[in-house]
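Engineer: Structure: upload_7.cif, mmCIF, C-alpha atoms.
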```
data_target
#
loop_
_atom_site.label_atom_id
_atom_site.label_comp_id
_atom_site.auth_asym_id
_atom_site.auth_seq_id
_atom_site.Cartn_x
_atom_site.Cartn_y
_atom_site.Cartn_z
CA MET A 40 -26.13 -1.55 -120.40
CA ASN A 41 -29.16 0.19 -121.94
CA VAL A 42 -32.29 0.29 -119.78
CA LEU A 43 -35.62 1.73 -120.89
CA ILE A 44 -38.14 2.79 -118.23
CA VAL A 45 -41.75 3.24 -119.35
CA ALA A 46 -43.68 5.22 -116.75
CA PRO A 47 -46.48 7.67 -117.64
CA ILE A 48 -46.06 9.35 -114.24
CA PHE A 49 -42.43 10.43 -113.87
CA ALA A 50 -40.28 13.40 -112.82
CA PRO A 51 -40.87 16.30 -112.99
CA ASP A 52 -44.41 15.15 -112.11
CA LYS A 53 -44.89 15.88 -108.42
CA SER A 54 -47.40 13.19 -107.46
CA VAL A 55 -46.42 10.26 -105.24
CA GLY A 56 -46.81 7.98 -108.26
CA ALA A 57 -43.70 9.51 -109.82
CA VAL A 58 -41.39 8.81 -106.89
CA ARG A 59 -40.73 5.09 -107.37
CA MET A 60 -39.41 5.16 -110.95
CA SER A 61 -37.83 8.59 -110.56
CA SER A 62 -35.81 7.32 -107.61
CA LEU A 63 -34.80 4.18 -109.48
CA SER A 64 -33.78 6.25 -112.49
CA ALA A 65 -31.47 8.49 -110.47
CA TYR A 66 -29.97 5.38 -108.85
CA LEU A 67 -29.33 3.64 -112.20
CA VAL A 68 -27.76 6.76 -113.69
CA ASP A 69 -25.45 6.99 -110.66
CA LYS A 70 -24.44 3.36 -111.35
CA GLY A 71 -23.31 4.33 -114.85
CA ILE A 72 -26.22 2.69 -116.69
CA SER A 73 -27.43 4.27 -119.94
CA LEU A 74 -31.03 5.15 -119.08
CA TYR A 75 -33.88 6.02 -121.45
CA VAL A 76 -37.41 7.04 -120.42
CA LEU A 77 -40.78 6.91 -122.17
CA THR A 78 -43.41 8.93 -120.31
CA ASN A 79 -46.40 11.25 -120.61
CA LYS A 80 -45.98 14.79 -121.94
CA LYS A 81 -44.86 17.16 -119.20
CA GLN A 82 -45.94 20.76 -118.74
CA ASN A 83 -42.68 21.47 -116.96
CA VAL A 84 -39.83 20.69 -119.36
CA ASP A 85 -37.21 20.95 -116.63
CA ASN A 86 -36.41 17.31 -115.92
CA THR A 87 -35.15 16.94 -112.37
CA ILE A 88 -33.06 13.82 -113.08
CA HIS A 89 -29.78 14.54 -114.81
CA GLY A 90 -27.89 12.00 -116.84
CA ILE A 91 -30.77 10.33 -118.67
CA VAL A 92 -29.69 9.66 -122.25
CA GLU A 93 -33.06 10.42 -123.85
CA ILE A 94 -36.66 11.06 -122.81
CA ARG A 95 -39.59 10.63 -125.18
CA GLU A 96 -43.06 11.87 -124.33
CA ILE A 97 -46.58 10.76 -125.23
CA VAL A 98 -49.58 13.10 -125.25
CA GLU A 99 -52.05 11.23 -123.05
CA ALA A 100 -55.71 10.97 -124.07
CA LYS A 101 -57.96 11.82 -121.11
CA GLY A 102 -61.65 11.82 -120.32
CA GLY A 103 -64.29 10.53 -117.90
CA GLY A 104 -67.13 8.05 -118.26
CA LEU A 105 -66.88 4.31 -118.80
CA ILE A 106 -67.01 4.40 -122.62
CA LYS A 107 -64.63 7.35 -122.89
CA ARG A 108 -62.18 5.80 -120.42
CA ARG A 109 -62.21 2.56 -122.41
CA GLN A 110 -61.54 4.45 -125.65
CA ASN A 111 -58.74 6.49 -124.11
CA PHE A 112 -57.17 3.37 -122.61
CA GLY A 113 -57.00 1.85 -126.10
CA ASN A 114 -55.67 5.07 -127.66
CA ASN A 115 -52.93 5.44 -125.05
CA GLN A 116 -52.08 1.74 -125.33
CA LYS A 117 -51.58 2.13 -129.07
CA LYS A 118 -49.51 5.32 -128.73
CA TYR A 119 -47.09 3.78 -126.26
CA SER A 120 -46.74 0.51 -128.18
CA LEU A 121 -46.00 2.28 -131.47
CA GLU A 122 -43.46 4.61 -129.86
CA PHE A 123 -41.78 1.66 -128.15
CA ILE A 124 -41.52 -0.29 -131.40
CA SER A 125 -40.19 2.77 -133.22
CA TRP A 126 -37.55 3.41 -130.55
CA CYS A 127 -36.41 -0.22 -130.58
CA SER A 128 -35.76 0.03 -134.31
CA CYS A 129 -32.91 2.49 -133.69
CA THR A 130 -31.74 1.70 -130.13
CA LYS A 131 -30.80 -1.65 -128.62
CA PHE A 132 -32.31 -2.05 -125.14
CA ASP A 133 -31.05 -4.74 -122.79
CA VAL A 134 -34.18 -4.58 -120.66
CA VAL A 135 -37.39 -2.55 -120.43
CA ILE A 136 -39.16 -1.75 -117.14
CA VAL A 137 -42.86 -0.86 -117.43
CA SER A 138 -44.37 0.69 -114.28
CA GLY A 139 -48.04 1.34 -113.58
CA GLY A 140 -50.66 2.55 -113.02
CA PRO A 141 -51.86 3.79 -115.30
CA PHE A 142 -51.73 0.40 -117.03
CA TYR A 143 -52.21 1.22 -120.70
CA THR A 144 -48.45 0.81 -121.08
CA PHE A 145 -48.46 -2.87 -120.10
CA GLN A 146 -49.09 -4.11 -123.64
CA ILE A 147 -45.44 -3.26 -124.22
CA ALA A 148 -44.62 -6.57 -122.50
CA GLU A 149 -46.08 -8.39 -125.50
CA GLU A 150 -44.19 -6.20 -127.98
CA ALA A 151 -40.95 -6.65 -126.01
CA LYS A 152 -41.34 -10.44 -126.05
CA ARG A 153 -41.90 -10.37 -129.81
CA LEU A 154 -38.72 -8.29 -130.22
CA GLY A 155 -36.70 -10.50 -127.86
CA ILE A 156 -36.24 -7.80 -125.19
CA PRO A 157 -36.60 -8.84 -121.51
CA CYS A 158 -39.47 -6.94 -119.85
CA ILE A 159 -40.12 -6.29 -116.16
CA LEU A 160 -43.63 -5.22 -115.18
CA ASP A 161 -43.83 -3.10 -112.03
CA PHE A 162 -47.22 -3.17 -110.31
CA ARG A 163 -46.71 0.00 -108.28
CA ASP A 164 -50.44 -0.38 -107.59
CA PRO A 165 -52.57 -3.45 -108.27
CA TRP A 166 -54.63 -3.38 -111.47
CA ILE A 167 -57.46 -5.89 -111.72
CA LEU A 168 -56.99 -6.89 -108.08
CA ASP A 169 -57.35 -3.33 -106.74
CA ILE A 170 -60.07 -3.65 -104.06
CA ARG A 171 -60.23 -0.75 -101.59
CA GLU A 172 -63.37 -1.48 -99.61
CA PHE A 173 -66.00 -4.23 -99.50
CA SER A 174 -68.38 -1.99 -101.46
CA ASP A 175 -66.06 -2.26 -104.49
CA TYR A 176 -67.29 -5.81 -105.01
CA PHE A 177 -70.77 -4.43 -105.71
CA SER A 178 -69.84 -1.60 -108.07
CA PRO A 179 -71.13 -2.54 -111.57
CA LYS A 180 -69.04 0.22 -113.17
CA LYS A 181 -65.77 -0.87 -111.55
CA ASN A 182 -66.44 -4.57 -112.13
CA LEU A 183 -67.28 -4.03 -115.80
CA LEU A 184 -64.11 -2.01 -116.35
CA LYS A 185 -62.02 -4.71 -114.64
CA LEU A 186 -63.66 -7.42 -116.71
CA ILE A 187 -62.81 -5.50 -119.89
CA GLN A 188 -59.18 -5.08 -118.83
CA LEU A 189 -58.66 -8.57 -117.37
CA ARG A 190 -57.50 -9.94 -120.71
CA ALA A 191 -54.98 -7.10 -121.08
CA GLU A 192 -53.47 -7.78 -117.66
CA SER A 193 -53.35 -11.54 -118.25
CA SER A 194 -51.61 -11.11 -121.61
CA ALA A 195 -49.04 -8.75 -120.09
CA VAL A 196 -48.29 -11.11 -117.20
CA LYS A 197 -47.88 -14.01 -119.62
CA ALA A 198 -45.45 -12.06 -121.82
CA ALA A 199 -43.34 -10.46 -119.07
CA THR A 200 -39.95 -11.81 -118.02
CA ALA A 201 -40.45 -10.76 -114.40
CA ILE A 202 -43.18 -9.00 -112.41
CA VAL A 203 -42.59 -6.78 -109.39
CA THR A 204 -45.07 -5.96 -106.62
CA VAL A 205 -44.59 -3.70 -103.59
CA THR A 206 -46.07 -5.74 -100.72
CA GLU A 207 -45.87 -9.40 -99.73
CA THR A 208 -49.68 -9.59 -99.61
CA TRP A 209 -50.02 -8.37 -103.18
CA LYS A 210 -47.31 -10.76 -104.29
CA GLU A 211 -49.16 -13.68 -102.68
CA LYS A 212 -52.43 -12.57 -104.22
CA TYR A 213 -50.95 -12.32 -107.71
CA CYS A 214 -49.16 -15.67 -107.35
CA LYS A 215 -52.47 -17.24 -106.39
CA HIS A 216 -54.30 -15.57 -109.27
CA TYR A 217 -51.58 -16.41 -111.83
CA LYS A 218 -50.39 -19.77 -110.49
CA LYS A 219 -48.84 -20.74 -113.81
CA PHE A 220 -46.54 -17.71 -113.69
CA LYS A 221 -45.91 -17.43 -109.94
CA GLU A 222 -42.14 -17.86 -110.36
CA LYS A 223 -42.06 -14.53 -112.21
CA PHE A 224 -43.21 -12.47 -109.21
CA VAL A 225 -40.67 -10.54 -107.14
CA LEU A 226 -41.12 -8.30 -104.10
CA ILE A 227 -39.44 -4.87 -104.21
CA GLU A 228 -40.92 -2.49 -101.65
CA ASN A 229 -41.02 1.29 -101.44
CA GLY A 230 -39.09 3.41 -98.94
CA TYR A 231 -38.17 6.93 -97.92
CA ASP A 232 -35.86 8.69 -100.38
CA ASP A 233 -32.53 8.64 -98.54
CA ARG A 234 -30.74 10.13 -101.57
CA LEU A 235 -32.77 13.34 -101.24
CA LEU A 236 -32.77 13.38 -97.44
CA LYS A 237 -29.10 12.68 -96.74
CA THR A 238 -28.23 16.39 -96.39
CA ILE A 239 -31.51 17.58 -94.84
CA ASP A 240 -31.46 19.46 -91.52
CA LEU A 241 -34.39 18.71 -89.20
CA PRO A 242 -34.46 21.10 -86.21
CA ASN A 243 -36.42 20.26 -83.06
CA THR A 244 -39.83 21.93 -82.97
CA GLU A 245 -42.50 22.56 -80.34
CA ASN A 246 -46.23 23.14 -80.91
CA SER A 247 -48.65 25.02 -78.67
CA GLY A 248 -51.31 22.37 -79.27
CA PHE A 249 -51.27 18.79 -80.54
CA THR A 250 -50.92 18.39 -84.30
CA VAL A 251 -51.42 15.21 -86.31
CA GLY A 252 -49.64 15.22 -89.68
CA VAL A 253 -50.49 13.51 -92.95
CA PHE A 254 -48.20 13.34 -95.99
CA GLY A 255 -50.46 13.20 -99.05
CA LYS A 256 -54.02 11.92 -99.16
CA ILE A 257 -56.12 11.65 -95.98
CA PHE A 258 -59.58 10.36 -96.87
CA TYR A 259 -59.09 8.98 -100.38
CA TYR A 260 -58.92 5.27 -99.60
CA THR A 261 -61.93 4.74 -97.31
CA LYS A 262 -64.96 6.83 -96.40
CA ASN A 263 -65.94 4.45 -93.61
CA TYR A 264 -62.76 4.82 -91.57
CA SER A 265 -62.47 8.49 -92.53
CA MET A 266 -65.74 9.02 -90.67
CA VAL A 267 -64.38 7.02 -87.73
CA PHE A 268 -61.43 9.40 -87.48
CA LEU A 269 -63.54 12.55 -87.91
CA SER A 270 -66.01 11.33 -85.27
CA ALA A 271 -63.08 10.94 -82.87
CA LEU A 272 -61.93 14.49 -83.69
CA LYS A 273 -65.40 15.80 -82.90
CA SER A 274 -65.61 13.93 -79.60
CA TYR A 275 -62.11 14.81 -78.43
CA ASP A 276 -62.08 17.56 -75.81
CA LYS A 277 -58.51 18.79 -76.11
CA ASP A 278 -56.77 21.19 -78.50
CA LEU A 279 -55.98 19.12 -81.60
CA SER A 280 -55.57 19.84 -85.30
CA VAL A 281 -54.57 18.04 -88.50
CA LEU A 282 -51.89 19.26 -90.90
CA GLN A 283 -52.11 17.77 -94.39
CA ILE A 284 -48.95 18.14 -96.45
CA GLY A 285 -50.49 18.20 -99.91
CA ASP A 286 -53.53 19.26 -101.87
CA ARG A 287 -56.89 19.24 -100.10
CA GLU A 288 -59.06 16.40 -101.38
CA ALA A 289 -62.42 17.12 -103.01
CA ASP A 290 -64.35 15.21 -100.31
CA THR A 291 -62.57 16.72 -97.30
CA ASP A 292 -64.94 19.61 -96.65
CA LYS A 293 -67.99 17.47 -97.45
CA LEU A 294 -66.98 14.91 -94.83
CA ILE A 295 -66.13 17.63 -92.29
CA LYS A 296 -69.50 19.31 -92.89
CA LYS A 297 -71.30 15.99 -92.53
CA ILE A 298 -69.76 15.45 -89.09
CA LYS A 299 -70.34 19.14 -88.18
CA LEU A 300 -66.73 20.09 -87.59
CA SER A 301 -65.02 23.35 -88.41
CA PRO A 302 -63.15 23.21 -91.76
CA GLU A 303 -60.19 24.88 -90.01
CA ILE A 304 -59.49 21.75 -87.97
CA ILE A 305 -57.71 20.38 -91.06
CA LYS A 306 -55.14 22.64 -92.67
CA SER A 307 -53.93 21.66 -96.15
CA THR A 308 -50.67 23.18 -97.38
CA GLY A 309 -51.23 22.57 -101.08
CA PHE A 310 -48.50 20.89 -103.07
CA VAL A 311 -45.09 20.87 -101.38
CA ASP A 312 -42.07 19.07 -102.84
CA TYR A 313 -40.70 16.02 -101.07
CA VAL A 314 -37.85 17.55 -99.07
CA ASP A 315 -39.84 20.60 -97.94
CA GLY A 316 -42.75 18.28 -97.13
CA ILE A 317 -40.51 16.22 -94.84
CA LYS A 318 -39.36 19.40 -93.10
CA LEU A 319 -42.96 20.48 -92.47
CA LEU A 320 -43.92 16.99 -91.37
CA ASN A 321 -41.12 17.01 -88.82
CA GLY A 322 -42.97 19.78 -86.96
CA VAL A 323 -46.04 17.69 -86.01
CA ASP A 324 -46.53 15.51 -82.94
CA ALA A 325 -47.83 12.31 -84.54
CA PHE A 326 -48.61 10.91 -87.97
CA LEU A 327 -51.86 9.61 -89.47
CA ILE A 328 -52.79 6.95 -92.02
CA ILE A 329 -56.40 6.14 -92.92
CA ASP A 330 -56.74 3.14 -95.22
CA ALA A 331 -58.95 0.07 -95.61
CA ARG A 332 -57.01 -1.85 -98.25
CA LYS A 333 -55.79 -5.23 -97.08
CA GLY A 334 -52.58 -5.53 -99.10
CA ALA A 335 -51.58 -1.89 -99.62
CA ILE A 336 -48.89 -0.06 -97.73
CA GLY A 337 -48.41 3.18 -99.67
CA THR A 338 -45.30 5.32 -99.30
CA LYS A 339 -46.03 7.75 -96.47
CA ILE A 340 -45.41 5.15 -93.76
CA TYR A 341 -41.73 4.98 -94.75
CA ASP A 342 -41.37 8.75 -94.34
CA TYR A 343 -43.07 8.49 -90.95
CA ILE A 344 -40.63 5.79 -89.86
CA TYR A 345 -37.72 7.96 -91.00
CA LEU A 346 -38.96 10.87 -88.86
CA ASN A 347 -39.55 8.50 -85.91
CA LYS A 348 -42.72 9.86 -84.32
CA PRO A 349 -45.89 8.03 -83.21
CA ILE A 350 -48.14 6.69 -85.97
CA ILE A 351 -51.93 6.42 -85.72
CA PHE A 352 -53.42 4.02 -88.25
CA VAL A 353 -57.20 4.11 -88.69
CA GLY A 354 -58.53 1.10 -90.55
CA PRO A 355 -59.21 -2.62 -90.26
CA ARG A 356 -56.89 -4.99 -88.45
CA ASN A 357 -55.07 -7.82 -90.21
CA THR A 358 -53.89 -5.57 -93.04
CA VAL A 359 -50.31 -5.00 -94.15
CA ILE A 360 -50.24 -1.45 -92.75
CA ALA A 361 -51.89 -2.44 -89.46
CA ASN A 362 -49.42 -5.25 -88.93
CA MET A 363 -46.47 -3.00 -89.73
CA VAL A 364 -47.62 -0.15 -87.48
CA SER A 365 -48.38 -2.47 -84.55
CA LYS A 366 -44.77 -3.70 -84.48
CA PHE A 367 -43.55 -0.31 -83.25
CA GLU A 368 -43.64 0.73 -79.62
CA ASN A 369 -45.76 3.80 -80.34
CA GLY A 370 -47.68 2.57 -83.34
CA PHE A 371 -51.45 2.64 -82.77
CA VAL A 372 -53.95 0.59 -84.77
CA CYS A 373 -57.48 1.97 -84.41
CA SER A 374 -60.71 0.60 -85.86
CA SER A 375 -63.18 2.57 -83.75
CA GLU A 376 -63.77 6.10 -82.49
CA ASP A 377 -62.83 5.12 -78.93
CA GLU A 378 -59.55 3.57 -80.06
CA VAL A 379 -58.58 6.77 -81.89
CA ILE A 380 -59.34 8.84 -78.80
CA ASN A 381 -57.36 6.42 -76.64
CA ALA A 382 -54.41 6.80 -79.03
CA PHE A 383 -54.61 10.60 -78.74
CA ASN A 384 -54.66 10.36 -74.94
CA GLU A 385 -51.81 7.83 -74.78
CA ILE A 386 -49.53 10.02 -76.93
CA ILE A 387 -50.41 13.32 -75.25
CA GLU A 388 -50.69 12.31 -71.59
CA ASN A 389 -47.60 10.09 -71.65
CA LYS A 390 -45.65 12.50 -73.85
CA LYS A 391 -44.85 9.91 -76.50
CA SER A 392 -42.46 11.67 -78.86
CA TYR A 393 -40.99 8.77 -80.84
CA LEU A 394 -42.21 5.78 -82.81
CA ALA A 395 -39.58 3.47 -81.31
CA LEU A 396 -36.27 3.97 -79.52
CA GLU A 397 -34.49 1.83 -82.12
CA THR A 398 -36.22 2.04 -85.51
CA ARG A 399 -33.21 1.31 -87.75
CA PRO A 400 -34.67 3.64 -90.42
CA GLU A 401 -31.92 2.75 -92.90
CA SER A 402 -33.64 -0.61 -93.46
CA PHE A 403 -36.66 1.29 -94.83
CA CYS A 404 -34.83 3.47 -97.38
CA ARG A 405 -35.28 3.40 -101.17
CA SER A 406 -31.62 2.78 -101.94
CA ARG A 407 -31.89 -0.71 -100.44
CA GLN A 408 -34.88 -1.43 -102.65
CA ASN A 409 -33.08 0.04 -105.67
CA ASP A 410 -30.22 -2.40 -104.97
CA LYS A 411 -32.80 -5.17 -105.43
CA TRP A 412 -33.88 -3.61 -108.73
CA LEU A 413 -30.31 -3.65 -110.01
CA ASP A 414 -29.85 -7.26 -108.89
CA LEU A 415 -33.02 -8.25 -110.77
CA ILE A 416 -31.96 -6.37 -113.92
CA GLU A 417 -28.51 -7.97 -113.96
CA LYS A 418 -29.94 -11.43 -113.30
CA ILE A 419 -32.37 -11.11 -116.20
CA ILE A 420 -29.74 -9.85 -118.61
CA LYS A 421 -27.35 -12.69 -117.70
CA THR A 422 -30.04 -15.36 -118.14
#
```
Write the structure described by the file as structure tokens, please.
Structural biologist:
Amino acid sequence: MNVLIVAPIFAPDKSVGAVRMSSLSAYLVDKGISLYVLTNKKQNVDNTIHGIVEIREIVEAKGGGLIKRRQNFGNNQKKYSLEFISWCSCTKFDVVIVSGGPFYTFQIAEEAKRLGIPCILDFRDPWILDIREFSDYFSPKKNLLKLIQLRAESSAVKAATAIVTVTETWKEKYCKHYKKFKEKFVLIENGYDDRLLKTIDLPNTENSGFTVGVFGKIFYYTKNYSMVFLSALKSYDKDLSVLQIGDREADTDKLIKKIKLSPEIIKSTGFVDYVDGIKLLNGVDAFLIIDARKGAIGTKIYDYIYLNKPIIFVGPRNTVIANMVSKFENGFVCSSEDEVINAFNEIIENKKSYLALETRPESFCRSRQNDKWLDLIEKIIKT
């Protein structure tokens, strides 16, 4: 079986966006599938996934501004489509998986249909339906860009054989938006990478103070609830700090200055690879997620569940993350400054050291989701 994965962000890229398809690729190679990858040009030529038959790279056009972004989207779309067509002329693919964002690769669904190759679109993030906060509805720039790209998304959905989303809410939203094609949509979630973590050693650690850990971005998804969390930090009268495993965001120090906190209250490690990041994360007392998106769930929550320590979610209720966190014994959903402070007190004063006594973390691992990928691939090929 020959499978082509098209993913601009892919190993050895270190961002969270690379994890989903990189994990699937390693899984498919282990299953004896002949795997090919079309991705963006990498600075690091050392591919971390062994056994891939061939990798081809595209030099991505970049640039800011609405007009420039639109031009670059079209240029990248053309580059990927031409390379895909060229590759198909010399290699027979049984199925192609196109994962985004970025979404300039999704036109390949139309080319694949024309060539008679089954195509699976993977909405790792939503495209046109990506709404982070209520203010997004009133952003002329964002709305214009979405209007321009609506036709591209619709054409890709129409041409695809199957379409994967990562949360039930997003699946429902897409099925409602594309009622005619709702039978194409499939749910395959994310998870912690059990393949990489199966040999990891996590020693018990003790901190002098109370440390809240974050894997990846802290404030990126919502300024409103970021300020709620920072206000709680300012009002809290006990020794508490935040450890961010990852690069410090551009707005972090601006937000901290605005609330008149010391920049040292948040320590950012800079980039750390996944396994070492998990080891560092294991040393904190509780985990943090700040997000306002209704249907998103991200990836960090699965790593938090694996490590089995209390989770503090700061954001609106009735979201996918809020509902998931609230199911655990020591999962705290906070929408106000007082609720964040109450969560701190509950964890510290009652010495809450676990998320739940029985978390069954194996049900949240990537290998289970990759099993679903393989089932979908085989079903499509047999049809």
Engineer: Could you tell me how far CA of Phe142 in chain A lies from CA of Phe162 in chain A, in Å and to one decimal?
Structural biologist: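 We find that CA of Phe142 in chain A and CA of Phe162 in chain A lie 8.8 Å from each other.
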Engineer: Mind telling me what the PyMOL selection byres ((chain A and resi 315) around 12) catches here, as a list in words?
Structural biologist: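 Residues picked by the PyMOL selection byres ((chain A and resi 315) around 12): Leu235, Leu236, Ile239, Asp240, Leu241, Phe254, Ile284, Gly285, Thr308, Gly309, Phe310, Val311, Asp312, Tyr313, Val314, Gly316, Ile317, Lys318, Leu319, Leu320, Asn321 and Gly322 of chain A.
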Engineer: Need to verify the contact set: Glu397 in chain A, 10 Å, only C-alpha atoms, exclusion of same-chain residues closer than 6 positions in sequence. Can you return it as a PDB file with C-alpha atoms, keeping the file's coordinate frame?
Structural biologist:
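Result went into part_29.pdb, see below:
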```pdb
ATOM      1  CA  ASN A 347     -39.550   8.500 -85.910  1.00  0.00           C
ATOM      2  CA  PHE A 367     -43.550  -0.310 -83.250  1.00  0.00           C
ATOM      3  CA  GLU A 368     -43.640   0.730 -79.620  1.00  0.00           C
TER       4      GLU A 368
END
```
Engineer: Once you count all atoms listed in the file, which residues end up no further than 10 Å from (-56.4, 16.0, -76.7) in the file's frame, shown as JSON, numbers by chain?
Structural biologist: {"A": [248, 249, 250, 272, 274, 275, 276, 277, 278, 279, 280, 380, 381, 382, 383, 384, 385, 386, 387, 388]}
Engineer: Check what the PyMOL selection byres ((chain A and resi 92) around 7) selects in the file above and give those residues as JSON, numbers by chain.
Structural biologist: {"A": [73, 74, 75, 90, 91, 93]}
Engineer: Near range 265-268 of chain A, within 7 Å and counting only C-alpha atoms, which residues show up once chain neighbours fewer than 5 positions away are dropped, as a list in words?
Structural biologist: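 Listed by chain and then number, they are Phe258, Ile329, Val353, Ser375, Glu376 and Val379 of chain A.
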Engineer: Given only C-alpha atoms, how would the per-residue table for range 182-245 of chain A near range 125-140 of chain A read, listing every residue at most 12 Å away with its closest atom pair and distance in Å to one decimal, sorted by chain and number, as JSON lines?
Structural biologist:
```
{"residue": "A:Glu192", "atom": "CA", "partner": "A:Gly139", "partner_atom": "CA", "distance": 11.4}
{"residue": "A:Ala195", "atom": "CA", "partner": "A:Val137", "partner_atom": "CA", "distance": 10.4}
{"residue": "A:Val196", "atom": "CA", "partner": "A:Val137", "partner_atom": "CA", "distance": 11.6}
{"residue": "A:Ala199", "atom": "CA", "partner": "A:Val137", "partner_atom": "CA", "distance": 9.8}
{"residue": "A:Thr200", "atom": "CA", "partner": "A:Val134", "partner_atom": "CA", "distance": 9.6}
{"residue": "A:Ala201", "atom": "CA", "partner": "A:Ile136", "partner_atom": "CA", "distance": 9.5}
{"residue": "A:Ile202", "atom": "CA", "partner": "A:Ile136", "partner_atom": "CA", "distance": 9.5}
{"residue": "A:Val203", "atom": "CA", "partner": "A:Ser138", "partner_atom": "CA", "distance": 9.1}
{"residue": "A:Thr204", "atom": "CA", "partner": "A:Ser138", "partner_atom": "CA", "distance": 10.2}
{"residue": "A:Val205", "atom": "CA", "partner": "A:Ser138", "partner_atom": "CA", "distance": 11.6}
```
